[in-house]
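Report on the structure given below.
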There are 2 protein chains.
Amino acid sequence: MNNIYLSREAEVLSPYTPGEQPKENNFIKLNTNESPFPPSPKVMDIISREEVGKLYLYPDPECGILIQAVADYYNNFNIKPENIIPGNGSDEILAFAFRAFCGQGKPVAYADITYGFYQAQSALFGLDAKIIKLKDNFVLDIDDYLDFPGTVFIANPNAPTGMAIEIDQIERLLKSNPERVVVIDEAYVDFGAESCVRLIEKYQNLLVVQTFSKSRSLAGGRVGFGMGSQILIENLNRVKYSWNPYNINRLSILAAAAAISDIDYFKRCTSEIIAVREKITRDLKSIGFTVLTSRANFIFAAHESISGGDLYRGLKSRGILVRWFDAPRLDRFVRITIGSREQMAKLLETVREMME
Amino acid sequence: MNNIYLSREAEVLSPYTPGEQPKENNFIKLNTNESPFPPSPKVMDIISREEVGKLYLYPDPECGILIQAVADYYNNFNIKPENIIPGNGSDEILAFAFRAFCGQGKPVAYADITYGFYQAQSALFGLDAKIIKLKDNFVLDIDDYLDFPGTVFIANPNAPTGMAIEIDQIERLLKSNPERVVVIDEAYVDFGAESCVRLIEKYQNLLVVQTFSKSRSLAGGRVGFGMGSQILIENLNRVKYSWNPYNINRLSILAAAAAISDIDYFKRCTSEIIAVREKITRDLKSIGFTVLTSRANFIFAAHESISGGDLYRGLKSRGILVRWFDAPRLDRFVRITIGSREQMAKLLETVREMME
């Protein structure tokens, strides 16, 4: 590349490609794992004209009301405000973690098949990264990580497979080396996997990362958070205050605090998505699909008689967007976000037509 | 520090300390250079209940409507959407620039007295930084930069002095080495300094950074943007898509696009702030203050008979927050944000009382 301005460090980056965000509204959008439900009514009410009128003032850089709301929600597990750091989406928390815990003499490990962002961010900081292969059946075997001396990033449930790992296994990893930070990315945990939050009290080396984008219907608000021991949170704050101290805007702080306080709405949305996921899984299996066991708000599905690419393109031409990863081991599959019952019925009908 | 988890790279960080954001509302807040005016009425109208209801969907990662609105605003200077990158505040754009343009073999230079963030971000990427002293009268002499081989960051007007540099001088720097990127941080440019935007067409190596936080009354929305040649913007996007692709939330994209389209409101707010700045400058000088010539929405003022620290503490105890930097060459001064006429009258009255 003839680009005299670019630093060598930026030249070797491998930028992430976000899922398509079509400008037109006429697609059934099952490609970026958004919730099919609007935000909680409490979110709708908190973004008042009065609050918009205060946008001339900086937000609270500590996001006090938000970390208090998260602490209240996880009160049972003894999570305090000093155990929480909020970010401009959980992607930002992950980036803080890569810088805070990894570097020279501190390598990082993650699976070959997982959230693509780990690779992008690992390149951003020029890290020594060990890519550990999932088993052929996409299972993450914790034994493969026990001897690794650096920081480990695990998405649980994993993307794009949707498969979850038992937290006993994660606990083995935490125990095996208390000097190694383990980051558990729980973006999709609220759809049926077990969270590691309850282990935070016990393991100083555990960082749990969650997001408001999926189970709390706030992808457009860009809010995620990390939870861990006070020492880990302090380390992350060193990076935050070197990068972008006012990292969350006023309205998103309010929206996220309101969203996490509405437990009823959250439960209704997540249990509906789980029910719809189980139904579409059965339906697709009944017409010959392989569908991995998902604990997320998406499924990863393949069929012997059609390639992943053809399925993706065929659905797109019929008005349904799903995500296809053109990569070894993944290209047989498509990832389908769990939408509303109506959207899933339409998906099933369209797939049936295509298969005939 | 006995902190086994922290990377060496994060250990050497020098995190930025934001200005105080008091929880109570009873201070006259002249410490973080916010606008005293609410956002444009167009901002108030665009954040509708309908838009809040769409927060379950991701924002457009390219922020299409926002970069189009900025392009429309700078249409006279032939700025196109591909010349613009928006960020989660201009701090984020600066961070992208440090990573995109600096690294091994690509050092960075900035003034000893300038926005404290340059140092924090330079440490974040472990850069070789040359700190160049301002003259004793706080003037930035462009000759000090002409031979420097790496990227140059200049705040114009500078912080915390408020002093501006002529753009002829910046043009000399751009010309003297077309292979060197020059980043002009114009956070405060709309209060009477001349913008370099008109030079972008001519100089491929110029990046201009602006923000919605000051002149457009959106500090709480967290939106800034960089403008430059297509090649520089592409380089910055490599970093953005490795760090945080969905970096601006839906509501802030809308708010910022609405704000920049309301030219009348912008002109009224900025000319009022300039008028109030000129008045308070005269008033403080009349009671013996040294006030640097400011082209920003703040002034930097000192008095022989009171130290900066005493002035800061005295004002705080009387309900007025200003910013004091406890650092060599700066500690005689306080930085005072230009507030409303009433706030400035109260400030003057309080200072007078204190001086008696």
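Labels used: A, B, ... for chains in the order of the structure tokens, numbers from 1 for residues in each chain, and numbers from 1 for ligands as shown.
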Can you tell me, as a VMD selection string, what residues are no more than 10 Å from Tyr246 in chain A when counting only C-alpha atoms, ignoring any on the same chain fewer than 6 positions away? (chain A and resid 58 to 63 87 to 88 240) or (chain B and resid 18 88 to 89 91 to 92 219 to 222)
Write the residues you've just listed into a file as a PDB file, in the first residue's frame, and include N, CA and C atoms for each of them.
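Contents of the output file result39.pdb:
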```
ATOM      1  N   TYR A  58     -21.583  18.256  29.878  1.00  0.00           N
ATOM      2  CA  TYR A  58     -20.916  16.966  29.783  1.00  0.00           C
ATOM      3  C   TYR A  58     -21.657  15.922  30.598  1.00  0.00           C
ATOM      4  N   PRO A  59     -21.538  14.655  30.197  1.00  0.00           N
ATOM      5  CA  PRO A  59     -22.061  13.579  31.041  1.00  0.00           C
ATOM      6  C   PRO A  59     -21.146  13.377  32.251  1.00  0.00           C
ATOM      7  N   ASP A  60     -21.639  12.651  33.220  1.00  0.00           N
ATOM      8  CA  ASP A  60     -20.823  12.226  34.352  1.00  0.00           C
ATOM      9  C   ASP A  60     -19.814  11.194  33.830  1.00  0.00           C
ATOM     10  N   PRO A  61     -18.500  11.483  33.887  1.00  0.00           N
ATOM     11  CA  PRO A  61     -17.549  10.524  33.327  1.00  0.00           C
ATOM     12  C   PRO A  61     -17.571   9.178  34.053  1.00  0.00           C
ATOM     13  N   GLU A  62     -17.973   9.179  35.307  1.00  0.00           N
ATOM     14  CA  GLU A  62     -18.064   7.910  36.048  1.00  0.00           C
ATOM     15  C   GLU A  62     -19.385   7.180  35.817  1.00  0.00           C
ATOM     16  N   CYS A  63     -20.331   7.840  35.169  1.00  0.00           N
ATOM     17  CA  CYS A  63     -21.646   7.237  34.899  1.00  0.00           C
ATOM     18  C   CYS A  63     -22.266   6.716  36.185  1.00  0.00           C
ATOM     19  N   GLY A  87     -18.989   1.162  29.301  1.00  0.00           N
ATOM     20  CA  GLY A  87     -18.304   1.547  28.066  1.00  0.00           C
ATOM     21  C   GLY A  87     -19.265   1.882  26.941  1.00  0.00           C
ATOM     22  N   ASN A  88     -18.708   2.475  25.914  1.00  0.00           N
ATOM     23  CA  ASN A  88     -19.444   2.835  24.702  1.00  0.00           C
ATOM     24  C   ASN A  88     -19.654   1.555  23.879  1.00  0.00           C
ATOM     25  N   LYS A 240      -9.266   3.767  30.176  1.00  0.00           N
ATOM     26  CA  LYS A 240     -10.385   4.649  29.819  1.00  0.00           C
ATOM     27  C   LYS A 240      -9.999   6.121  29.936  1.00  0.00           C
TER      28      LYS A 240
ATOM     29  N   PRO B  18     -10.408  14.627  34.129  1.00  0.00           N
ATOM     30  CA  PRO B  18     -11.408  15.577  33.630  1.00  0.00           C
ATOM     31  C   PRO B  18     -11.710  16.628  34.685  1.00  0.00           C
ATOM     32  N   ASN B  88     -16.821   9.509  18.825  1.00  0.00           N
ATOM     33  CA  ASN B  88     -17.474   9.617  20.135  1.00  0.00           C
ATOM     34  C   ASN B  88     -16.770  10.724  20.921  1.00  0.00           C
ATOM     35  N   GLY B  89     -17.017  11.962  20.495  1.00  0.00           N
ATOM     36  CA  GLY B  89     -16.250  13.103  20.984  1.00  0.00           C
ATOM     37  C   GLY B  89     -14.981  13.254  20.160  1.00  0.00           C
ATOM     38  N   ASP B  91     -12.125  13.629  21.293  1.00  0.00           N
ATOM     39  CA  ASP B  91     -11.069  12.830  21.942  1.00  0.00           C
ATOM     40  C   ASP B  91     -10.850  11.513  21.208  1.00  0.00           C
ATOM     41  N   GLU B  92     -11.942  10.915  20.757  1.00  0.00           N
ATOM     42  CA  GLU B  92     -11.808   9.632  20.070  1.00  0.00           C
ATOM     43  C   GLU B  92     -11.121   9.815  18.717  1.00  0.00           C
ATOM     44  N   ALA B 219     -22.044  18.941  24.442  1.00  0.00           N
ATOM     45  CA  ALA B 219     -21.022  18.210  25.203  1.00  0.00           C
ATOM     46  C   ALA B 219     -21.558  16.872  25.711  1.00  0.00           C
ATOM     47  N   GLY B 220     -22.843  16.864  26.087  1.00  0.00           N
ATOM     48  CA  GLY B 220     -23.455  15.651  26.623  1.00  0.00           C
ATOM     49  C   GLY B 220     -23.774  14.599  25.582  1.00  0.00           C
ATOM     50  N   GLY B 221     -23.682  14.965  24.308  1.00  0.00           N
ATOM     51  CA  GLY B 221     -23.971  14.015  23.232  1.00  0.00           C
ATOM     52  C   GLY B 221     -22.752  13.257  22.764  1.00  0.00           C
ATOM     53  N   ARG B 222     -21.571  13.789  23.052  1.00  0.00           N
ATOM     54  CA  ARG B 222     -20.301  13.147  22.685  1.00  0.00           C
ATOM     55  C   ARG B 222     -20.183  12.932  21.181  1.00  0.00           C
TER      56      ARG B 222
END
```
Test item: residues at most 9 Å from Ala257 in chain A, only C-alpha atoms, excluding those fewer than 5 positions along its chain, as a CSV table (one decimal) with all heavy atoms, in the first residue's frame:
```
chain,number,residue,atom,x,y,z
A,43,VAL,N,-37.4,3.3,29.4
A,43,VAL,CA,-36.4,4.0,28.6
A,43,VAL,C,-37.1,5.1,27.8
A,43,VAL,O,-36.7,6.2,27.8
A,43,VAL,CB,-35.7,3.0,27.6
A,43,VAL,CG1,-34.8,3.8,26.6
A,43,VAL,CG2,-34.8,2.0,28.4
A,65,ILE,N,-25.0,7.0,38.0
A,65,ILE,CA,-26.4,6.4,38.1
A,65,ILE,C,-26.4,5.1,37.4
A,65,ILE,O,-27.2,4.2,37.8
A,65,ILE,CB,-27.5,7.3,37.6
A,65,ILE,CG1,-27.4,7.5,36.1
A,65,ILE,CG2,-27.6,8.7,38.3
A,65,ILE,CD1,-28.8,7.9,35.5
A,66,LEU,N,-25.6,4.9,36.3
A,66,LEU,CA,-25.6,3.7,35.6
A,66,LEU,C,-24.9,2.6,36.4
A,66,LEU,O,-25.4,1.4,36.5
A,66,LEU,CB,-25.0,3.8,34.2
A,66,LEU,CG,-24.8,2.6,33.4
A,66,LEU,CD1,-26.1,1.8,33.2
A,66,LEU,CD2,-24.1,3.0,32.0
A,67,ILE,N,-23.7,2.9,37.0
A,67,ILE,CA,-23.1,1.8,37.7
A,67,ILE,C,-23.9,1.4,39.0
A,67,ILE,O,-23.9,0.3,39.4
A,67,ILE,CB,-21.6,2.1,38.0
A,67,ILE,CG1,-21.3,3.3,38.8
A,67,ILE,CG2,-20.8,2.1,36.7
A,67,ILE,CD1,-19.8,3.6,39.1
A,68,GLN,N,-24.6,2.4,39.5
A,68,GLN,CA,-25.4,2.1,40.7
A,68,GLN,C,-26.6,1.2,40.2
A,68,GLN,O,-26.9,0.2,40.9
A,68,GLN,CB,-26.0,3.4,41.3
A,68,GLN,CG,-26.7,3.1,42.6
A,68,GLN,CD,-25.8,2.4,43.7
A,68,GLN,OE1,-24.8,3.0,44.0
A,68,GLN,NE2,-26.3,1.3,44.1
A,69,ALA,N,-27.2,1.4,39.1
A,69,ALA,CA,-28.3,0.6,38.6
A,69,ALA,C,-27.8,-0.8,38.3
A,69,ALA,O,-28.5,-1.8,38.6
A,69,ALA,CB,-28.9,1.2,37.4
A,70,VAL,N,-26.6,-1.0,37.8
A,70,VAL,CA,-26.0,-2.3,37.5
A,70,VAL,C,-25.7,-3.0,38.9
A,70,VAL,O,-26.0,-4.2,39.0
A,70,VAL,CB,-24.8,-2.2,36.6
A,70,VAL,CG1,-24.1,-3.6,36.5
A,70,VAL,CG2,-25.1,-1.7,35.3
A,252,SER,N,-27.7,8.0,26.8
A,252,SER,CA,-27.5,6.5,26.9
A,252,SER,C,-27.2,6.1,28.3
A,252,SER,O,-27.6,5.0,28.7
A,252,SER,CB,-26.3,6.1,26.0
A,252,SER,OG,-26.6,6.3,24.7
```
Once you count only C-alpha atoms, which residues of chain B turn out to be within 7 Å of chain A? Could you give them as a PyMOL selection string? chain B and resi 4-10+13-16+21+34-35+37-39+44+49+52-60+91-92+95+99-103+106+120-121+124+179+181+217-222+235+238-239+241-244+249-250
Taking the DSSP secondary structure from the backbone, can you list the residues of range 32-86 of chain A that are alpha helix (DSSP H), as an NGL selection string? :A and (41-46 or 49-53 or 64-73)
For Asp185 in chain B, find every residue with an atom within 7 Å (counting only C-alpha atoms), except residues of its own chain fewer than 3 positions away, and show them as a PyMOL selection string. chain B and resi 154-156+208-210
Please produce an output containing N, CA and C atoms for each residue in the selection, written as a compact mmCIF listing (two decimals), in the first residue's frame.
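Final output, saved to part_34.txt:
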```txt
# COMPACT_ATOMS: atom_id res chain seq x y z
N ILE B 154 -1.43 20.23 16.97
CA ILE B 154 -1.53 21.61 17.45
C ILE B 154 -3.00 21.92 17.75
N ALA B 155 -3.25 22.43 18.95
CA ALA B 155 -4.59 22.90 19.27
C ALA B 155 -4.68 24.37 18.88
N ASN B 156 -5.66 24.70 18.06
CA ASN B 156 -5.83 26.09 17.60
C ASN B 156 -7.29 26.50 17.63
N VAL B 208 -8.05 18.14 10.23
CA VAL B 208 -8.68 19.13 11.10
C VAL B 208 -9.69 18.41 11.99
N VAL B 209 -9.61 18.64 13.29
CA VAL B 209 -10.51 17.97 14.23
C VAL B 209 -11.42 19.02 14.88
N GLN B 210 -12.71 18.77 14.85
CA GLN B 210 -13.66 19.69 15.49
C GLN B 210 -14.60 18.90 16.40
```
In range 53-302 of chain A, what's strand (DSSP E or B) per DSSP? Answer as a PyMOL selection string? chain A and resi 84-87+103+106+108-111+129-132+151-155+182-185+206-211+224-228+290-291+298-302
Residues from the last selection, C-alpha atoms, saved as a PDB file, in the first residue's frame:
```
ATOM      1  CA  ILE A  84     -18.199  -1.982  37.405  1.00  0.00           C
ATOM      2  CA  ILE A  85     -16.896  -0.031  34.405  1.00  0.00           C
ATOM      3  CA  PRO A  86     -19.328   1.089  31.692  1.00  0.00           C
ATOM      4  CA  GLY A  87     -18.304   1.547  28.066  1.00  0.00           C
ATOM      5  CA  GLY A 103       1.264  -6.334  26.009  1.00  0.00           C
ATOM      6  CA  LYS A 106       1.633 -10.664  28.402  1.00  0.00           C
ATOM      7  CA  VAL A 108      -3.460 -13.242  24.748  1.00  0.00           C
ATOM      8  CA  ALA A 109      -5.344 -16.388  23.735  1.00  0.00           C
ATOM      9  CA  TYR A 110      -8.753 -16.859  22.192  1.00  0.00           C
ATOM     10  CA  ALA A 111     -10.519 -19.418  20.026  1.00  0.00           C
ATOM     11  CA  ALA A 129      -1.957 -13.740  20.142  1.00  0.00           C
ATOM     12  CA  LYS A 130      -2.371 -17.480  20.428  1.00  0.00           C
ATOM     13  CA  ILE A 131      -5.326 -18.741  18.434  1.00  0.00           C
ATOM     14  CA  ILE A 132      -6.644 -21.981  19.922  1.00  0.00           C
ATOM     15  CA  THR A 151      -4.874 -13.378  29.296  1.00  0.00           C
ATOM     16  CA  VAL A 152      -7.702 -15.531  27.956  1.00  0.00           C
ATOM     17  CA  PHE A 153     -10.766 -14.135  26.167  1.00  0.00           C
ATOM     18  CA  ILE A 154     -13.787 -16.452  25.941  1.00  0.00           C
ATOM     19  CA  ALA A 155     -17.202 -15.556  24.547  1.00  0.00           C
ATOM     20  CA  VAL A 182      -9.793 -14.420  32.246  1.00  0.00           C
ATOM     21  CA  VAL A 183     -12.245 -12.257  30.308  1.00  0.00           C
ATOM     22  CA  ILE A 184     -15.671 -13.818  29.814  1.00  0.00           C
ATOM     23  CA  ASP A 185     -17.626 -11.987  27.151  1.00  0.00           C
ATOM     24  CA  LEU A 206     -12.161 -12.655  36.429  1.00  0.00           C
ATOM     25  CA  LEU A 207     -13.603  -9.930  34.205  1.00  0.00           C
ATOM     26  CA  VAL A 208     -17.178 -10.414  33.003  1.00  0.00           C
ATOM     27  CA  VAL A 209     -18.283  -8.264  30.058  1.00  0.00           C
ATOM     28  CA  GLN A 210     -21.953  -7.684  29.264  1.00  0.00           C
ATOM     29  CA  THR A 211     -23.915  -5.450  26.924  1.00  0.00           C
ATOM     30  CA  GLY A 224     -21.791  -2.217  27.662  1.00  0.00           C
ATOM     31  CA  PHE A 225     -20.035  -2.839  30.944  1.00  0.00           C
ATOM     32  CA  GLY A 226     -17.347  -4.866  32.601  1.00  0.00           C
ATOM     33  CA  MET A 227     -17.565  -6.353  36.105  1.00  0.00           C
ATOM     34  CA  GLY A 228     -14.706  -7.679  38.170  1.00  0.00           C
ATOM     35  CA  THR A 290     -28.130 -29.054  11.327  1.00  0.00           C
ATOM     36  CA  VAL A 291     -28.644 -26.446  14.055  1.00  0.00           C
ATOM     37  CA  PHE A 298     -29.293 -16.433  17.251  1.00  0.00           C
ATOM     38  CA  ILE A 299     -28.807 -19.877  15.759  1.00  0.00           C
ATOM     39  CA  PHE A 300     -26.081 -21.247  13.524  1.00  0.00           C
ATOM     40  CA  ALA A 301     -27.594 -23.514  10.905  1.00  0.00           C
ATOM     41  CA  ALA A 302     -26.481 -25.510   7.859  1.00  0.00           C
TER      42      ALA A 302
END
```
Neighbours of range 269-286 of chain A within 7 Å (only C-alpha atoms; same-chain residues fewer than 4 positions away dropped), as a PyMOL selection string? chain A and resi 190-191+215+265+290-291+297+338+341+344
Output of the above residues as a PDB file, in the first residue's frame, restricted to all heavy atoms:
```pdb
ATOM      1  N   ASP A 190     -27.822 -13.747  28.516  1.00  0.00           N
ATOM      2  CA  ASP A 190     -29.169 -13.667  29.088  1.00  0.00           C
ATOM      3  C   ASP A 190     -30.188 -14.546  28.384  1.00  0.00           C
ATOM      4  O   ASP A 190     -31.362 -14.566  28.760  1.00  0.00           O
ATOM      5  CB  ASP A 190     -29.662 -12.219  29.077  1.00  0.00           C
ATOM      6  CG  ASP A 190     -28.858 -11.329  30.020  1.00  0.00           C
ATOM      7  OD1 ASP A 190     -28.479 -11.807  31.105  1.00  0.00           O
ATOM      8  OD2 ASP A 190     -28.619 -10.158  29.672  1.00  0.00           O
ATOM      9  N   PHE A 191     -29.747 -15.257  27.345  1.00  0.00           N
ATOM     10  CA  PHE A 191     -30.681 -16.107  26.610  1.00  0.00           C
ATOM     11  C   PHE A 191     -30.524 -17.578  26.962  1.00  0.00           C
ATOM     12  O   PHE A 191     -30.728 -18.446  26.143  1.00  0.00           O
ATOM     13  CB  PHE A 191     -30.514 -15.874  25.103  1.00  0.00           C
ATOM     14  CG  PHE A 191     -30.697 -14.433  24.709  1.00  0.00           C
ATOM     15  CD1 PHE A 191     -29.589 -13.624  24.448  1.00  0.00           C
ATOM     16  CD2 PHE A 191     -31.963 -13.870  24.633  1.00  0.00           C
ATOM     17  CE1 PHE A 191     -29.753 -12.292  24.101  1.00  0.00           C
ATOM     18  CE2 PHE A 191     -32.132 -12.534  24.285  1.00  0.00           C
ATOM     19  CZ  PHE A 191     -31.024 -11.739  24.019  1.00  0.00           C
ATOM     20  N   SER A 215     -30.093  -8.318  24.999  1.00  0.00           N
ATOM     21  CA  SER A 215     -31.218  -8.662  25.857  1.00  0.00           C
ATOM     22  C   SER A 215     -31.940  -7.432  26.397  1.00  0.00           C
ATOM     23  O   SER A 215     -33.038  -7.551  26.938  1.00  0.00           O
ATOM     24  CB  SER A 215     -30.724  -9.518  27.023  1.00  0.00           C
ATOM     25  OG  SER A 215     -29.702  -8.844  27.743  1.00  0.00           O
ATOM     26  N   TYR A 265     -39.850  -6.475  32.217  1.00  0.00           N
ATOM     27  CA  TYR A 265     -39.803  -6.350  30.751  1.00  0.00           C
ATOM     28  C   TYR A 265     -38.673  -7.196  30.177  1.00  0.00           C
ATOM     29  O   TYR A 265     -38.836  -7.907  29.182  1.00  0.00           O
ATOM     30  CB  TYR A 265     -39.628  -4.876  30.375  1.00  0.00           C
ATOM     31  CG  TYR A 265     -39.697  -4.620  28.887  1.00  0.00           C
ATOM     32  CD1 TYR A 265     -40.929  -4.558  28.230  1.00  0.00           C
ATOM     33  CD2 TYR A 265     -38.535  -4.426  28.133  1.00  0.00           C
ATOM     34  CE1 TYR A 265     -41.001  -4.328  26.861  1.00  0.00           C
ATOM     35  CE2 TYR A 265     -38.601  -4.193  26.767  1.00  0.00           C
ATOM     36  CZ  TYR A 265     -39.838  -4.145  26.142  1.00  0.00           C
ATOM     37  OH  TYR A 265     -39.897  -3.920  24.787  1.00  0.00           O
ATOM     38  N   THR A 290     -28.933 -28.925  10.126  1.00  0.00           N
ATOM     39  CA  THR A 290     -28.130 -29.054  11.327  1.00  0.00           C
ATOM     40  C   THR A 290     -28.196 -27.707  12.035  1.00  0.00           C
ATOM     41  O   THR A 290     -27.899 -26.676  11.433  1.00  0.00           O
ATOM     42  CB  THR A 290     -26.657 -29.322  10.960  1.00  0.00           C
ATOM     43  OG1 THR A 290     -26.610 -30.516  10.194  1.00  0.00           O
ATOM     44  CG2 THR A 290     -25.786 -29.434  12.205  1.00  0.00           C
ATOM     45  N   VAL A 291     -28.594 -27.696  13.290  1.00  0.00           N
ATOM     46  CA  VAL A 291     -28.644 -26.446  14.055  1.00  0.00           C
ATOM     47  C   VAL A 291     -27.872 -26.682  15.348  1.00  0.00           C
ATOM     48  O   VAL A 291     -28.213 -27.582  16.123  1.00  0.00           O
ATOM     49  CB  VAL A 291     -30.102 -26.026  14.377  1.00  0.00           C
ATOM     50  CG1 VAL A 291     -30.119 -24.673  15.080  1.00  0.00           C
ATOM     51  CG2 VAL A 291     -30.953 -25.972  13.114  1.00  0.00           C
ATOM     52  N   ASN A 297     -29.215 -15.346  21.241  1.00  0.00           N
ATOM     53  CA  ASN A 297     -30.400 -14.873  20.508  1.00  0.00           C
ATOM     54  C   ASN A 297     -30.207 -15.040  19.002  1.00  0.00           C
ATOM     55  O   ASN A 297     -30.682 -14.241  18.207  1.00  0.00           O
ATOM     56  CB  ASN A 297     -30.739 -13.423  20.876  1.00  0.00           C
ATOM     57  CG  ASN A 297     -29.740 -12.426  20.336  1.00  0.00           C
ATOM     58  OD1 ASN A 297     -28.600 -12.799  20.051  1.00  0.00           O
ATOM     59  ND2 ASN A 297     -30.148 -11.171  20.186  1.00  0.00           N
ATOM     60  N   ILE A 338     -32.581 -14.425  16.175  1.00  0.00           N
ATOM     61  CA  ILE A 338     -33.961 -14.741  16.548  1.00  0.00           C
ATOM     62  C   ILE A 338     -34.784 -13.450  16.549  1.00  0.00           C
ATOM     63  O   ILE A 338     -34.547 -12.558  17.362  1.00  0.00           O
ATOM     64  CB  ILE A 338     -34.044 -15.411  17.934  1.00  0.00           C
ATOM     65  CG1 ILE A 338     -33.142 -16.652  17.984  1.00  0.00           C
ATOM     66  CG2 ILE A 338     -35.495 -15.757  18.278  1.00  0.00           C
ATOM     67  CD1 ILE A 338     -33.444 -17.713  16.946  1.00  0.00           C
ATOM     68  N   ARG A 341     -41.925 -13.846  16.332  1.00  0.00           N
ATOM     69  CA  ARG A 341     -42.569 -15.074  15.825  1.00  0.00           C
ATOM     70  C   ARG A 341     -42.922 -14.931  14.349  1.00  0.00           C
ATOM     71  O   ARG A 341     -42.737 -15.853  13.555  1.00  0.00           O
ATOM     72  CB  ARG A 341     -43.850 -15.361  16.617  1.00  0.00           C
ATOM     73  CG  ARG A 341     -43.543 -16.070  17.914  1.00  0.00           C
ATOM     74  CD  ARG A 341     -44.770 -16.360  18.768  1.00  0.00           C
ATOM     75  NE  ARG A 341     -44.287 -16.579  20.128  1.00  0.00           N
ATOM     76  CZ  ARG A 341     -43.973 -17.788  20.625  1.00  0.00           C
ATOM     77  NH1 ARG A 341     -44.135 -18.870  19.904  1.00  0.00           N
ATOM     78  NH2 ARG A 341     -43.501 -17.896  21.852  1.00  0.00           N
ATOM     79  N   MET A 344     -39.862 -15.148  12.150  1.00  0.00           N
ATOM     80  CA  MET A 344     -39.334 -16.507  12.069  1.00  0.00           C
ATOM     81  C   MET A 344     -40.240 -17.392  11.205  1.00  0.00           C
ATOM     82  O   MET A 344     -39.757 -18.267  10.473  1.00  0.00           O
ATOM     83  CB  MET A 344     -39.203 -17.111  13.476  1.00  0.00           C
ATOM     84  CG  MET A 344     -38.125 -16.476  14.327  1.00  0.00           C
ATOM     85  SD  MET A 344     -36.434 -16.788  13.707  1.00  0.00           S
ATOM     86  CE  MET A 344     -36.023 -15.168  13.112  1.00  0.00           C
TER      87      MET A 344
END
```
What does the structure give for the distance between CA of Met163 in chain B and CA of Ser317 in chain B, in Å to one decimal? 28.8 Å
Residues near Tyr73 in chain A, cut-off 9 Å, only C-alpha atoms, skip fewer than 5 positions along chain, as a VMD selection string: chain A and resid 68 79 260 to 261 263
Restrict the selected residues to N, CA, C and O atoms and save them as a JSON list (two decimals), in the first residue's frame.
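The resulting file, result.json, is reproduced below:
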```
[["chain", "number", "residue", "atom", "x", "y", "z"],
["A", 68, "GLN", "N", -24.58, 2.42, 39.53],
["A", 68, "GLN", "CA", -25.44, 2.09, 40.67],
["A", 68, "GLN", "C", -26.57, 1.16, 40.24],
["A", 68, "GLN", "O", -26.89, 0.20, 40.95],
["A", 79, "ILE", "N", -22.05, -7.29, 43.94],
["A", 79, "ILE", "CA", -21.39, -6.38, 42.99],
["A", 79, "ILE", "C", -21.65, -4.94, 43.44],
["A", 79, "ILE", "O", -22.79, -4.54, 43.63],
["A", 260, "ILE", "N", -32.03, -1.48, 32.77],
["A", 260, "ILE", "CA", -31.64, -2.57, 33.68],
["A", 260, "ILE", "C", -32.53, -2.61, 34.93],
["A", 260, "ILE", "O", -32.60, -3.63, 35.62],
["A", 261, "SER", "N", -33.23, -1.51, 35.18],
["A", 261, "SER", "CA", -34.12, -1.51, 36.34],
["A", 261, "SER", "C", -35.48, -2.16, 36.03],
["A", 261, "SER", "O", -36.25, -2.45, 36.92],
["A", 263, "ILE", "N", -36.95, -5.14, 35.32],
["A", 263, "ILE", "CA", -36.67, -6.58, 35.32],
["A", 263, "ILE", "C", -37.80, -7.37, 34.66],
["A", 263, "ILE", "O", -37.56, -8.33, 33.92]]
```
Separation of CA of Tyr203 in chain A from CA of Thr161 in chain A, in Å and rounded to one decimal: 27.4 Å
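Note that the spacing between CA of Val334 in chain B and CA of Gly308 in chain B amounts to 5.5 Å.
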